file my_file-v8.cif (mmCIF, C-alpha atoms)
data_entry
loop_
_atom_site.label_atom_id
_atom_site.label_comp_id
_atom_site.auth_asym_id
_atom_site.auth_seq_id
_atom_site.Cartn_x
_atom_site.Cartn_y
_atom_site.Cartn_z
CA MET A 179 60.65 240.62 91.23
CA ILE A 180 60.89 238.37 88.18
CA ASN A 181 58.36 235.60 87.87
CA LYS A 182 60.17 232.28 88.27
CA ILE A 183 57.12 230.06 88.38
CA ILE A 184 56.71 227.64 85.48
CA SER A 185 54.49 224.65 84.80
CA LEU A 186 55.55 221.05 84.65
CA GLU A 187 55.16 221.18 80.86
CA GLU A 188 57.50 224.17 80.61
CA ALA A 189 59.99 222.39 82.87
CA GLN A 190 60.15 219.44 80.47
CA ARG A 191 61.58 221.70 77.73
CA HIS A 192 64.75 222.29 79.73
CA PHE A 193 65.94 218.71 79.36
CA CYS A 194 67.96 217.47 76.42
CA ASP A 195 69.80 214.28 75.48
CA GLY A 196 73.24 213.70 76.96
CA MET A 197 72.98 216.29 79.70
CA THR A 198 74.25 215.94 83.25
CA ILE A 199 71.50 216.19 85.87
CA MET A 200 72.01 216.60 89.62
CA ILE A 201 69.10 215.39 91.74
CA GLY A 202 68.73 216.23 95.44
CA GLY A 203 67.61 213.78 98.08
CA PHE A 204 68.84 210.87 100.16
CA LEU A 205 67.11 207.55 99.44
CA GLY A 206 64.19 209.60 98.12
CA ASN A 207 63.96 211.85 101.19
CA GLY A 208 64.02 215.42 99.85
CA THR A 209 63.89 214.32 96.20
CA PRO A 210 61.76 216.36 93.75
CA GLU A 211 59.35 213.64 92.56
CA LEU A 212 57.57 216.14 90.30
CA LEU A 213 60.81 216.88 88.45
CA ILE A 214 61.47 213.15 88.07
CA ASP A 215 58.06 213.12 86.35
CA ALA A 216 59.30 215.97 84.14
CA ILE A 217 62.39 214.02 83.05
CA LEU A 218 60.28 210.93 82.29
CA ALA A 219 57.73 212.97 80.33
CA SER A 220 60.44 214.80 78.36
CA GLY A 221 61.72 211.54 76.89
CA VAL A 222 65.39 212.57 77.16
CA LYS A 223 68.01 209.86 76.97
CA ASP A 224 71.74 209.21 77.47
CA TYR A 225 71.87 211.53 80.45
CA THR A 226 74.14 211.31 83.49
CA ILE A 227 72.66 211.48 86.98
CA ILE A 228 74.67 212.87 89.89
CA ALA A 229 72.99 212.04 93.20
CA ASN A 230 73.68 210.43 96.56
CA ASP A 231 72.04 207.13 95.56
CA THR A 232 69.46 205.57 93.23
CA ALA A 233 66.82 205.37 95.99
CA LEU A 234 64.59 202.43 96.78
CA PRO A 235 62.39 200.70 94.20
CA GLU A 236 59.34 202.73 93.10
CA ILE A 237 60.49 206.09 94.47
CA GLY A 238 62.60 209.03 93.31
CA ILE A 239 65.60 208.26 91.13
CA SER A 240 64.74 204.56 90.96
CA ARG A 241 61.92 205.58 88.60
CA LEU A 242 64.56 206.91 86.19
CA ILE A 243 66.63 203.74 86.56
CA ALA A 244 63.54 201.66 85.75
CA ASP A 245 62.98 203.84 82.64
CA GLN A 246 66.48 202.80 81.40
CA LYS A 247 67.27 206.02 79.54
CA ALA A 248 70.14 207.15 81.75
CA LYS A 249 73.66 206.44 80.49
CA LYS A 250 75.55 206.85 83.75
CA VAL A 251 75.08 207.49 87.46
CA ILE A 252 77.63 209.09 89.81
CA VAL A 253 76.49 208.09 93.31
CA SER A 254 77.79 206.94 96.70
CA HIS A 255 75.82 203.69 96.81
CA ILE A 256 73.31 201.62 94.88
CA GLY A 257 72.67 198.81 97.37
CA THR A 258 69.08 199.83 98.11
CA ASN A 259 68.01 199.53 94.47
CA PRO A 260 68.72 196.03 93.05
CA GLU A 261 67.76 197.15 89.53
CA THR A 262 70.73 199.57 89.41
CA GLY A 263 73.05 196.70 90.28
CA ARG A 264 71.44 194.50 87.65
CA GLN A 265 71.85 197.12 84.90
CA MET A 266 75.44 197.72 85.99
CA GLY A 267 76.21 193.99 85.84
CA ALA A 268 74.56 193.68 82.42
CA GLY A 269 76.57 196.60 81.07
CA GLU A 270 73.44 198.68 80.47
CA LEU A 271 74.32 201.45 82.92
CA GLU A 272 77.66 202.94 83.88
CA VAL A 273 78.00 203.36 87.64
CA GLU A 274 80.69 205.51 89.23
CA LEU A 275 80.84 205.06 93.01
CA VAL A 276 82.17 207.96 95.07
CA PRO A 277 82.52 208.16 98.87
CA GLN A 278 79.55 210.15 100.14
CA GLY A 279 81.55 212.90 101.83
CA THR A 280 83.77 213.27 98.78
CA LEU A 281 80.70 213.54 96.53
CA ALA A 282 79.28 216.28 98.76
CA GLU A 283 82.57 218.19 98.66
CA GLN A 284 82.99 217.79 94.89
CA ILE A 285 79.54 219.31 94.40
CA ARG A 286 80.25 222.04 96.96
CA CYS A 287 83.48 222.88 95.10
CA GLY A 288 81.57 222.95 91.80
CA GLY A 289 79.29 225.64 93.16
CA SER A 290 81.85 227.56 95.19
CA GLY A 291 84.52 228.54 92.70
CA LEU A 292 87.00 226.07 94.14
CA GLY A 293 89.39 223.98 92.07
CA GLY A 294 88.98 220.92 94.24
CA VAL A 295 89.34 219.57 97.72
CA LEU A 296 92.04 217.54 99.49
CA THR A 297 90.70 214.59 101.47
CA ALA A 298 92.22 211.57 103.17
CA THR A 299 89.05 209.59 102.40
CA GLY A 300 89.83 206.75 100.00
CA MET A 301 93.63 206.89 100.42
CA ASN A 302 95.22 203.48 99.73
CA THR A 303 91.96 202.12 98.26
CA HIS A 304 90.61 201.74 94.71
CA VAL A 305 89.12 205.23 95.03
CA ALA A 306 92.65 206.66 94.83
CA GLU A 307 93.42 205.08 91.45
CA GLY A 308 94.40 207.68 88.86
CA LYS A 309 94.12 210.58 91.30
CA ARG A 310 96.80 213.03 92.38
CA VAL A 311 98.14 212.61 95.91
CA ILE A 312 99.20 215.87 97.53
CA GLU A 313 101.18 216.06 100.76
CA VAL A 314 100.36 218.81 103.23
CA ASP A 315 102.27 218.99 106.53
CA GLY A 316 103.35 215.38 106.22
CA GLN A 317 99.86 214.04 105.58
CA ASN A 318 98.81 212.62 102.20
CA TYR A 319 95.51 213.63 100.63
CA LEU A 320 93.68 212.85 97.40
CA LEU A 321 92.85 215.74 95.12
CA GLU A 322 89.14 215.48 94.32
CA THR A 323 88.03 217.83 91.56
CA PRO A 324 84.77 219.81 91.31
CA LEU A 325 81.52 218.38 89.94
CA ARG A 326 79.02 220.52 88.07
CA ALA A 327 75.85 219.75 86.15
CA ASP A 328 73.87 221.23 83.28
CA ILE A 329 70.78 221.19 85.43
CA ALA A 330 70.04 220.61 89.12
CA LEU A 331 66.68 219.46 90.43
CA ILE A 332 66.05 220.30 94.05
CA HIS A 333 63.22 220.07 96.53
CA GLY A 334 62.37 221.95 99.69
CA SER A 335 59.64 221.81 102.30
CA LYS A 336 58.73 225.43 101.52
CA ILE A 337 59.61 227.76 98.66
CA ASP A 338 58.65 231.40 98.24
CA PRO A 339 58.31 233.28 94.91
CA PHE A 340 61.90 234.55 95.14
CA GLY A 341 63.06 230.92 95.25
CA ASN A 342 64.13 230.93 98.90
CA LEU A 343 64.02 227.38 100.25
CA TYR A 344 63.42 225.98 103.71
CA TYR A 345 64.09 222.30 104.37
CA HIS A 346 62.28 220.43 107.14
CA GLY A 347 64.02 217.61 109.02
CA THR A 348 66.46 215.53 107.00
CA THR A 349 65.20 216.67 103.59
CA ARG A 350 68.10 219.13 103.23
CA ASN A 351 70.95 216.66 102.50
CA PHE A 352 72.44 217.37 99.02
CA ASN A 353 69.81 219.95 97.94
CA PRO A 354 71.57 223.19 99.02
CA LEU A 355 74.89 221.98 97.54
CA MET A 356 73.39 221.05 94.18
CA ALA A 357 71.43 224.32 94.01
CA MET A 358 74.81 226.06 93.62
CA ALA A 359 76.54 223.66 91.24
CA ALA A 360 74.50 223.70 88.01
CA ASP A 361 73.97 226.04 85.08
CA LEU A 362 70.20 225.82 85.55
CA VAL A 363 68.33 225.08 88.76
CA LEU A 364 64.71 223.90 88.95
CA ALA A 365 63.05 223.66 92.35
CA THR A 366 59.84 222.22 93.75
CA ALA A 367 58.48 222.19 97.30
CA ASP A 368 55.88 220.57 99.52
CA SER A 369 54.30 224.01 99.92
CA TYR A 370 54.52 227.17 97.87
CA VAL A 371 54.34 230.11 100.27
CA ASN A 372 54.28 233.91 100.08
CA ILE A 373 57.28 236.17 100.52
CA GLY A 374 57.95 236.58 104.24
CA GLU A 375 56.51 233.21 105.21
CA ILE A 376 60.00 231.74 105.37
CA LYS A 377 61.94 233.78 107.91
CA ALA A 378 65.23 235.10 106.52
CA GLU A 379 67.19 233.13 109.11
CA ASP A 380 65.43 229.90 108.12
CA VAL A 381 66.38 230.17 104.45
CA ALA A 382 68.91 227.39 103.73
CA THR A 383 69.07 228.02 99.98
CA PRO A 384 68.90 231.73 99.02
CA GLY A 385 66.54 232.27 96.10
CA ILE A 386 69.21 233.65 93.76
CA PHE A 387 70.34 230.06 93.14
CA VAL A 388 66.93 228.99 91.85
CA ASP A 389 66.16 229.79 88.20
CA TYR A 390 62.69 228.28 88.01
CA ILE A 391 60.07 227.26 90.53
CA VAL A 392 58.10 224.36 89.10
CA LYS A 393 54.48 223.93 90.11
CA GLY A 394 52.27 221.01 89.22
CA ASP A 395 48.62 221.42 88.30
CA MET B 868 70.94 184.57 122.48
CA ASP B 869 71.76 184.84 118.80
CA ALA B 870 75.21 185.84 117.64
CA ARG B 871 74.16 189.28 116.43
CA GLU B 872 72.72 190.22 119.82
CA VAL B 873 75.83 188.96 121.65
CA ILE B 874 77.95 191.17 119.38
CA ALA B 875 75.71 194.22 119.75
CA ARG B 876 75.59 193.89 123.55
CA ARG B 877 79.37 193.67 123.82
CA ALA B 878 80.00 196.52 121.35
CA ALA B 879 77.59 198.75 123.29
CA LEU B 880 80.04 198.71 126.22
CA GLU B 881 82.55 200.56 124.00
CA ILE B 882 80.40 203.68 123.94
CA LYS B 883 81.40 206.18 126.59
CA ASP B 884 79.40 208.96 128.21
CA GLY B 885 79.40 212.02 125.96
CA ASP B 886 80.70 210.25 122.86
CA VAL B 887 79.54 211.47 119.45
CA VAL B 888 78.80 208.25 117.59
CA ASN B 889 77.80 207.08 114.10
CA LEU B 890 76.43 203.55 113.77
CA GLY B 891 76.36 201.71 110.45
CA ILE B 892 73.50 199.59 109.10
CA GLY B 893 72.86 196.05 110.41
CA ILE B 894 74.44 194.82 113.67
CA PRO B 895 75.85 198.33 114.34
CA THR B 896 72.30 199.74 114.42
CA MET B 897 71.36 197.13 117.07
CA VAL B 898 74.15 198.42 119.33
CA ALA B 899 72.04 201.45 120.28
CA ASN B 900 69.53 199.13 122.01
CA PHE B 901 72.07 197.91 124.58
CA ILE B 902 73.86 201.03 125.79
CA PRO B 903 73.93 201.20 129.62
CA GLU B 904 71.36 203.64 131.02
CA ASP B 905 73.93 205.89 132.64
CA VAL B 906 75.80 206.40 129.37
CA HIS B 907 74.55 209.30 127.26
CA ALA B 908 75.97 209.36 123.76
CA VAL B 909 75.06 211.72 120.92
CA PHE B 910 74.15 209.88 117.73
CA GLN B 911 74.85 211.27 114.29
CA SER B 912 73.18 210.10 111.11
CA GLU B 913 75.17 210.98 108.00
CA ASN B 914 72.12 212.08 106.02
CA GLY B 915 72.09 215.12 108.31
CA ILE B 916 71.12 214.56 111.97
CA MET B 917 73.02 215.22 115.18
CA GLY B 918 71.01 213.92 118.12
CA MET B 919 69.14 211.01 116.54
CA ASP B 920 67.03 209.10 119.07
CA LYS B 921 65.21 205.90 118.09
CA MET B 922 62.98 204.25 115.50
CA ALA B 923 59.70 206.19 115.30
CA SER B 924 56.55 204.49 116.62
CA PRO B 925 53.52 204.64 114.29
CA GLU B 926 52.30 207.78 116.13
CA GLU B 927 55.72 209.44 115.93
CA GLN B 928 56.42 208.78 112.24
CA ASN B 929 57.32 211.81 110.14
CA PRO B 930 58.43 211.13 106.55
CA ASP B 931 60.69 214.21 106.67
CA ILE B 932 62.79 212.73 109.50
CA VAL B 933 64.64 209.57 108.47
CA ASN B 934 67.96 207.91 109.21
CA ALA B 935 70.65 206.99 106.66
CA GLY B 936 68.75 203.76 105.91
CA ALA B 937 65.54 205.71 105.10
CA ALA B 938 63.78 204.47 108.26
CA MET B 939 61.70 207.05 110.11
CA VAL B 940 63.29 208.01 113.42
CA THR B 941 62.78 210.43 116.29
CA VAL B 942 65.32 212.99 117.44
CA LYS B 943 66.39 214.31 120.85
CA ASP B 944 65.23 217.74 122.01
CA TYR B 945 68.78 219.04 121.43
CA ALA B 946 68.98 217.68 117.86
CA SER B 947 70.03 219.58 114.75
CA PHE B 948 69.66 218.97 111.02
CA PHE B 949 72.19 219.94 108.36
CA ASP B 950 73.30 219.35 104.78
CA SER B 951 75.62 216.56 103.57
CA ALA B 952 78.72 218.78 103.38
CA LEU B 953 78.44 219.74 107.05
CA SER B 954 77.58 216.15 107.96
CA PHE B 955 80.80 214.87 106.45
CA ALA B 956 82.82 217.78 107.81
CA ILE B 957 81.75 216.44 111.22
CA ILE B 958 82.82 212.93 110.18
CA ARG B 959 86.16 213.79 108.58
CA GLY B 960 87.01 216.73 110.79
CA GLY B 961 87.72 214.79 113.96
CA HIS B 962 84.37 215.66 115.57
CA LEU B 963 83.18 212.06 115.72
CA ASP B 964 84.48 210.03 118.66
CA LEU B 965 83.44 206.61 117.45
CA THR B 966 82.02 204.76 114.49
CA ILE B 967 80.84 201.15 114.56
CA LEU B 968 80.67 199.40 111.19
CA GLY B 969 80.11 195.97 109.68
CA ALA B 970 82.61 194.02 107.57
CA LEU B 971 82.95 191.53 104.74
CA GLU B 972 86.62 191.05 105.63
CA ILE B 973 88.94 192.54 108.23
CA ASP B 974 92.65 191.94 108.56
CA GLN B 975 95.35 191.90 111.23
CA GLU B 976 96.66 195.30 110.16
CA GLY B 977 93.27 196.94 110.69
CA SER B 978 92.28 197.16 107.05
CA LEU B 979 88.62 196.66 106.23
CA ALA B 980 86.68 195.50 103.17
CA SER B 981 82.97 196.17 103.45
CA HIS B 982 81.52 197.60 100.28
CA ILE B 983 82.24 195.51 97.18
CA ILE B 984 82.43 191.88 96.08
CA PRO B 985 83.59 192.30 92.46
CA GLY B 986 81.18 190.78 89.97
CA LYS B 987 78.78 189.73 92.71
CA MET B 988 77.63 192.50 94.98
CA VAL B 989 78.39 196.15 94.46
CA PRO B 990 76.37 198.18 96.94
CA GLY B 991 78.94 200.99 97.09
CA MET B 992 80.67 202.62 100.03
CA GLY B 993 78.08 205.24 100.94
CA GLY B 994 79.57 207.11 103.91
CA ALA B 995 81.75 204.23 105.15
CA MET B 996 85.03 205.41 103.62
CA ASP B 997 84.68 208.85 105.18
CA LEU B 998 83.67 207.36 108.53
CA VAL B 999 86.75 205.12 108.74
CA ALA B 1000 89.02 207.93 107.55
CA GLY B 1001 87.69 210.48 110.02
CA ALA B 1002 86.36 208.93 113.22
CA LYS B 1003 88.71 208.97 116.20
CA LYS B 1004 87.91 205.33 116.94
CA VAL B 1005 86.72 202.67 114.48
CA ILE B 1006 85.17 199.44 115.75
CA VAL B 1007 84.17 196.63 113.42
CA VAL B 1008 81.36 194.32 114.50
CA THR B 1009 80.88 191.10 112.57
CA THR B 1010 80.01 187.45 112.97
CA HIS B 1011 83.32 185.64 113.42
CA THR B 1012 82.93 183.69 110.19
CA ALA B 1013 80.77 184.09 107.10
CA ARG B 1014 78.25 181.61 105.73
CA GLY B 1015 79.75 178.14 105.31
CA ASP B 1016 82.32 178.96 108.03
CA ALA B 1017 84.36 181.06 105.56
CA LYS B 1018 86.94 183.06 107.50
CA LYS B 1019 86.44 186.83 107.73
CA ILE B 1020 89.33 187.80 110.03
CA LEU B 1021 92.28 187.45 107.67
CA LYS B 1022 96.01 188.06 107.41
CA THR B 1023 95.32 190.41 104.49
CA CYS B 1024 91.95 191.45 103.03
CA LYS B 1025 91.35 190.06 99.54
CA LEU B 1026 88.37 192.22 98.57
CA PRO B 1027 88.75 195.89 97.54
CA LEU B 1028 89.52 197.92 100.65
CA THR B 1029 87.13 200.32 102.32
CA ALA B 1030 89.81 201.35 104.83
CA TYR B 1031 93.56 200.88 105.00
CA LYS B 1032 94.87 200.31 108.54
CA LYS B 1033 92.12 202.30 110.23
CA VAL B 1034 90.28 199.83 112.48
CA HIS B 1035 91.03 199.85 116.23
CA LYS B 1036 88.92 196.98 117.53
CA ILE B 1037 86.98 193.93 116.31
CA VAL B 1038 83.99 192.52 118.19
CA THR B 1039 82.55 189.14 117.16
CA GLU B 1040 80.30 186.66 118.97
CA LEU B 1041 83.43 184.72 119.97
CA ALA B 1042 86.17 187.27 120.50
CA VAL B 1043 87.20 190.86 121.08
CA PHE B 1044 90.48 191.89 119.45
CA ASP B 1045 92.41 195.11 119.82
CA ILE B 1046 94.40 196.02 116.72
CA THR B 1047 97.79 197.15 117.95
CA LYS B 1048 101.03 198.10 116.22
CA GLY B 1049 102.17 194.53 116.84
CA GLY B 1050 99.03 193.03 115.25
CA LEU B 1051 95.88 191.51 116.70
CA LEU B 1052 95.59 191.06 120.46
CA LEU B 1053 92.82 188.86 121.84
CA ILE B 1054 91.58 190.71 124.92
CA GLU B 1055 88.29 188.88 125.54
CA LYS B 1056 86.82 185.55 124.57
CA ARG B 1057 83.27 184.33 124.71
CA LYS B 1058 82.49 182.41 127.87
CA GLY B 1059 82.81 178.67 127.18
CA VAL B 1060 85.01 179.06 124.11
CA THR B 1061 88.69 178.12 124.06
CA VAL B 1062 91.48 180.15 122.48
CA ASP B 1063 92.19 177.18 120.21
CA GLU B 1064 88.62 177.24 118.92
CA ILE B 1065 89.02 180.92 118.10
CA ARG B 1066 92.31 180.19 116.31
CA GLU B 1067 90.60 177.56 114.17
CA LYS B 1068 88.07 180.14 112.98
CA THR B 1069 90.56 182.96 112.46
CA GLU B 1070 93.04 183.15 109.58
CA ALA B 1071 94.85 186.15 111.07
CA GLU B 1072 97.57 185.59 113.60
CA PHE B 1073 96.93 186.97 117.05
CA GLN B 1074 98.54 187.29 120.47
CA VAL B 1075 96.58 186.53 123.63
CA SER B 1076 96.40 189.19 126.31
CA HIS B 1077 97.93 188.31 129.71
CA ASP B 1078 94.71 189.69 131.11
CA LEU B 1079 92.31 187.69 128.91
CA LYS B 1080 88.71 188.03 130.09
CA ASP B 1081 85.45 186.27 129.29
CA PHE B 1082 82.38 188.02 127.91
CA GLY B 1083 78.79 187.26 127.04
CA PRO B 1084 76.53 184.36 127.94
CA PRO B 1085 78.17 180.90 127.65
CA LEU B 1086 78.16 179.59 124.10
CA GLN B 1087 75.73 176.70 123.69
CA SER B 1088 76.99 174.12 121.26
#
call {"tool": "encode", "arguments": {"input": "my_file-v8.cif", "output": "structure tokens"}}
result
Amino acid sequence: MINKIISLEEAQRHFCDGMTIMIGGFLGNGTPELLIDAILASGVKDYTIIANDTALPEIGISRLIADQKAKKVIVSHIGTNPETGRQMGAGELEVELVPQGTLAEQIRCGGSGLGGVLTATGMNTHVAEGKRVIEVDGQNYLLETPLRADIALIHGSKIDPFGNLYYHGTTRNFNPLMAMAADLVLATADSYVNIGEIKAEDVATPGIFVDYIVKGD
Amino acid sequence: MDAREVIARRAALEIKDGDVVNLGIGIPTMVANFIPEDVHAVFQSENGIMGMDKMASPEEQNPDIVNAGAAMVTVKDYASFFDSALSFAIIRGGHLDLTILGALEIDQEGSLASHIIPGKMVPGMGGAMDLVAGAKKVIVVTTHTARGDAKKILKTCKLPLTAYKKVHKIVTELAVFDITKGGLLLIEKRKGVTVDEIREKTEAEFQVSHDLKDFGPPLQS
């Protein structure tokens, strides 16, 4: 088995300016805080974040917003982080708002070899502007195209050396979807366990999707 | 009793035994506190829970188990957790019986604006657009007017839409409207309030049911 474990310092080298970064979690729940540290320490700028939200002040993705080096965020809402709204209003940060279920499906498509998904969500609203409407059996749907990233940062409750991930409670959210939709996937976990300690039927993200397992000191 | 509680108590009566329900943030969340004891509904949280129970007490708190507002919650013994794609497949796929949401504006055709005030407040839609597109029944709960008595129940929404002609019912502290093909129908009014008073506070046109009923504690002026 190849050794996937790298240090936080090695993780920092995988970031570069202008890249698109997917970050798992829902209002910080299930977000890889250690990999947020890695982005901050790397000093990269002009990057695009794809995530469900920009979290609450002080935690998770809000720490990147506070750092003001991101160029754009693609998220379903920003209401819990007033600083994101302030930067958007001041023209310092581009914000693209996507319905949450559509965002999940765009990411799923990106990792599943699909050319897009047809959804009724957003029909006859501003979300439909500029998008193709396709009729199937008399019902109109929006064509929503796949989303992929250069790098995805995910977090589990447990990870084994193969990269298999188990998510406890609600920490799963966007993590398994993003683990499939990026060219490079870095993962952290609350606990780093031995092979066999996550039962095969409890693995929610098979280890083949994880390129590197990042461990702090 | 404050307006929000009156609304939540009345909206709770809309939940039927066995319903699979998603409640939005704010007044909708309060609805769960007033469901009759003999009604057992299954609550979904769009961050990935089926079978959510209640806010966690200090002893019950587990940072890995939160609702869609990041508050720590408990779950029923039959609960399940899942990823966001499955969560929204439940929502869009016709597996959700009812969603109860808040509103900035609602109109007589059942369109809803709840997620953007251009140039002022841009929280984003979160899961609301999927919920209104997919739930079998959509109920909007809102105070009848906004701050400064600004009207919220309009002929046509002015703000960017969250839903186009998707809402089935509106519950306020003064009135309950069904949204029918013929427009708004007032089916209940708050005890002690006249239909004329409701008309004064409502821009939308509405018909009055032949079977108009009273609800809630009498309004104290």
call {"tool": "interface_residues", "arguments": {"input": "my_file-v8.cif", "of": "chain A", "to": "chain B", "cutoff": "8 Å", "atoms": "all atoms listed in the file", "output": "PyMOL selection string"}}
result
chain A and resi 204-205+207-208+254-258+263+267+275-280+282-283+286+298-304+346-355
call {"tool": "atom_distance", "arguments": {"input": "my_file-v8.cif", "atom1": "atom CA of Gln1087 of chain B", "atom2": "atom CA of Met868 of chain B"}}
result
9.3 Å
call {"tool": "residues_around", "arguments": {"input": "my_file-v8.cif", "residues": "Val1043 of chain B", "least_positions_apart": "2", "cutoff": "9 Å", "atoms": "only C-alpha atoms", "output": "VMD selection string"}}
result
chain B and resid 877 1036 to 1041 1045 1052 to 1057 1082
call {"tool": "write_last_selection", "arguments": {"input": "my_file-v8.cif", "atoms": "C-alpha atoms", "output": "PDB file, in the frame of the given file"}}
result
ATOM      1  CA  ARG B 877      79.370 193.670 123.820  1.00  0.00           C
ATOM      2  CA  LYS B1036      88.920 196.980 117.530  1.00  0.00           C
ATOM      3  CA  ILE B1037      86.980 193.930 116.310  1.00  0.00           C
ATOM      4  CA  VAL B1038      83.990 192.520 118.190  1.00  0.00           C
ATOM      5  CA  THR B1039      82.550 189.140 117.160  1.00  0.00           C
ATOM      6  CA  GLU B1040      80.300 186.660 118.970  1.00  0.00           C
ATOM      7  CA  LEU B1041      83.430 184.720 119.970  1.00  0.00           C
ATOM      8  CA  ASP B1045      92.410 195.110 119.820  1.00  0.00           C
ATOM      9  CA  LEU B1052      95.590 191.060 120.460  1.00  0.00           C
ATOM     10  CA  LEU B1053      92.820 188.860 121.840  1.00  0.00           C
ATOM     11  CA  ILE B1054      91.580 190.710 124.920  1.00  0.00           C
ATOM     12  CA  GLU B1055      88.290 188.880 125.540  1.00  0.00           C
ATOM     13  CA  LYS B1056      86.820 185.550 124.570  1.00  0.00           C
ATOM     14  CA  ARG B1057      83.270 184.330 124.710  1.00  0.00           C
ATOM     15  CA  PHE B1082      82.380 188.020 127.910  1.00  0.00           C
TER      16      PHE B1082
END
call {"tool": "resolve_selection", "arguments": {"input": "my_file-v8.cif", "expression": "the PyMOL selection byres ((chain B and resi 870) around 12)", "output": "JSON, numbers by chain"}}
result
{"B": [868, 869, 871, 872, 873, 874, 875, 876, 877, 894, 897, 1008, 1009, 1010, 1011, 1012, 1038, 1039, 1040, 1041, 1042, 1057, 1083, 1084, 1085, 1086, 1087]}
call {"tool": "residues_around", "arguments": {"input": "my_file-v8.cif", "residues": "segment 220-231 of chain A", "least_positions_apart": "4", "cutoff": "8 Å", "atoms": "all atoms listed in the file", "output": "PyMOL selection string"}}
result
chain A and resi 190-191+193-205+216+239+247-256+278+281+327+352
call {"tool": "residues_near_point", "arguments": {"input": "my_file-v8.cif", "point": "(61.2, 221.6, 93.0)", "cutoff": "10 Å", "atoms": "only C-alpha atoms", "output": "ChimeraX atom specification"}}
result
/A:202,208-214,330-337,341,343,363-368,370,388,390-394
call {"tool": "resolve_selection", "arguments": {"input": "my_file-v8.cif", "expression": "the PyMOL selection byres ((chain A and resi 376) around 9)", "output": "JSON, numbers by chain"}}
result
{"A": [336, 337, 338, 342, 343, 344, 371, 372, 373, 374, 375, 377, 378, 379, 380, 381]}
call {"tool": "closest_residue", "arguments": {"input": "my_file-v8.cif", "among": "A:Leu292, A:Ala219, A:Val311, A:Leu234", "to": "Ala189 of chain A", "atoms": "all atoms listed in the file"}}
result
A:Ala219
call {"tool": "axis_aligned_box", "arguments": {"input": "my_file-v8.cif", "around": "segment 199-204 of chain A", "padding_each_side": "4 Å", "output": "AutoDock Vina command-line options"}}
result
--center_x 69.8 --center_y 213.7 --center_z 93.0 --size_x 12.4 --size_y 13.7 --size_z 22.3
call {"tool": "residues_around", "arguments": {"input": "my_file-v8.cif", "residues": "Lys1025 of chain B", "least_positions_apart": "2", "cutoff": "12 Å", "atoms": "all atoms listed in the file", "output": "MDAnalysis selection string"}}
result
chainID B and resid 971:974 978:981 983:985 1018:1023 1027:1029
call {"tool": "write_last_selection", "arguments": {"input": "my_file-v8.cif", "atoms": "C-alpha atoms", "output": "tab-separated table (two decimals), in the coordinates of the input"}}
result
chain	number	residue	atom	x	y	z
B	971	LEU	CA	82.95	191.53	104.74
B	972	GLU	CA	86.62	191.05	105.63
B	973	ILE	CA	88.94	192.54	108.23
B	974	ASP	CA	92.65	191.94	108.56
B	978	SER	CA	92.28	197.16	107.05
B	979	LEU	CA	88.62	196.66	106.23
B	980	ALA	CA	86.68	195.50	103.17
B	981	SER	CA	82.97	196.17	103.45
B	983	ILE	CA	82.24	195.51	97.18
B	984	ILE	CA	82.43	191.88	96.08
B	985	PRO	CA	83.59	192.30	92.46
B	1018	LYS	CA	86.94	183.06	107.50
B	1019	LYS	CA	86.44	186.83	107.73
B	1020	ILE	CA	89.33	187.80	110.03
B	1021	LEU	CA	92.28	187.45	107.67
B	1022	LYS	CA	96.01	188.06	107.41
B	1023	THR	CA	95.32	190.41	104.49
B	1027	PRO	CA	88.75	195.89	97.54
B	1028	LEU	CA	89.52	197.92	100.65
B	1029	THR	CA	87.13	200.32	102.32
call {"tool": "residues_around", "arguments": {"input": "my_file-v8.cif", "residues": "Glu236 of chain A", "least_positions_apart": "4", "cutoff": "12 Å", "atoms": "all atoms listed in the file", "output": "list in words"}}
result
Leu205, Gly206, Glu211, Ile214, Thr232, Ser240, Arg241, Leu242, Ile243, Ala244, Asp245, Thr258, Asn259, Pro260 and Glu261 of chain A
call {"tool": "atom_distance", "arguments": {"input": "my_file-v8.cif", "atom1": "atom CA of Arg1014 of chain B", "atom2": "atom CA of Ser1076 of chain B"}}
result
28.5 Å
call {"tool": "atom_distance", "arguments": {"input": "my_file-v8.cif", "atom1": "atom CA of Asn318 of chain A", "atom2": "atom CA of Lys1048 of chain B"}}
result
20.3 Å
call {"tool": "closest_residue", "arguments": {"input": "my_file-v8.cif", "among": "B:Leu890, B:Val940, B:Val1007, B:Leu1051", "to": "Glu976 of chain B", "atoms": "all atoms listed in the file"}}
result
B:Leu1051
call {"tool": "closest_residue", "arguments": {"input": "my_file-v8.cif", "among": "B:Ile902, B:Asn889, B:Lys1080, B:Val909", "to": "Lys1003 of chain B", "atoms": "only C-alpha atoms"}}
result
B:Asn889
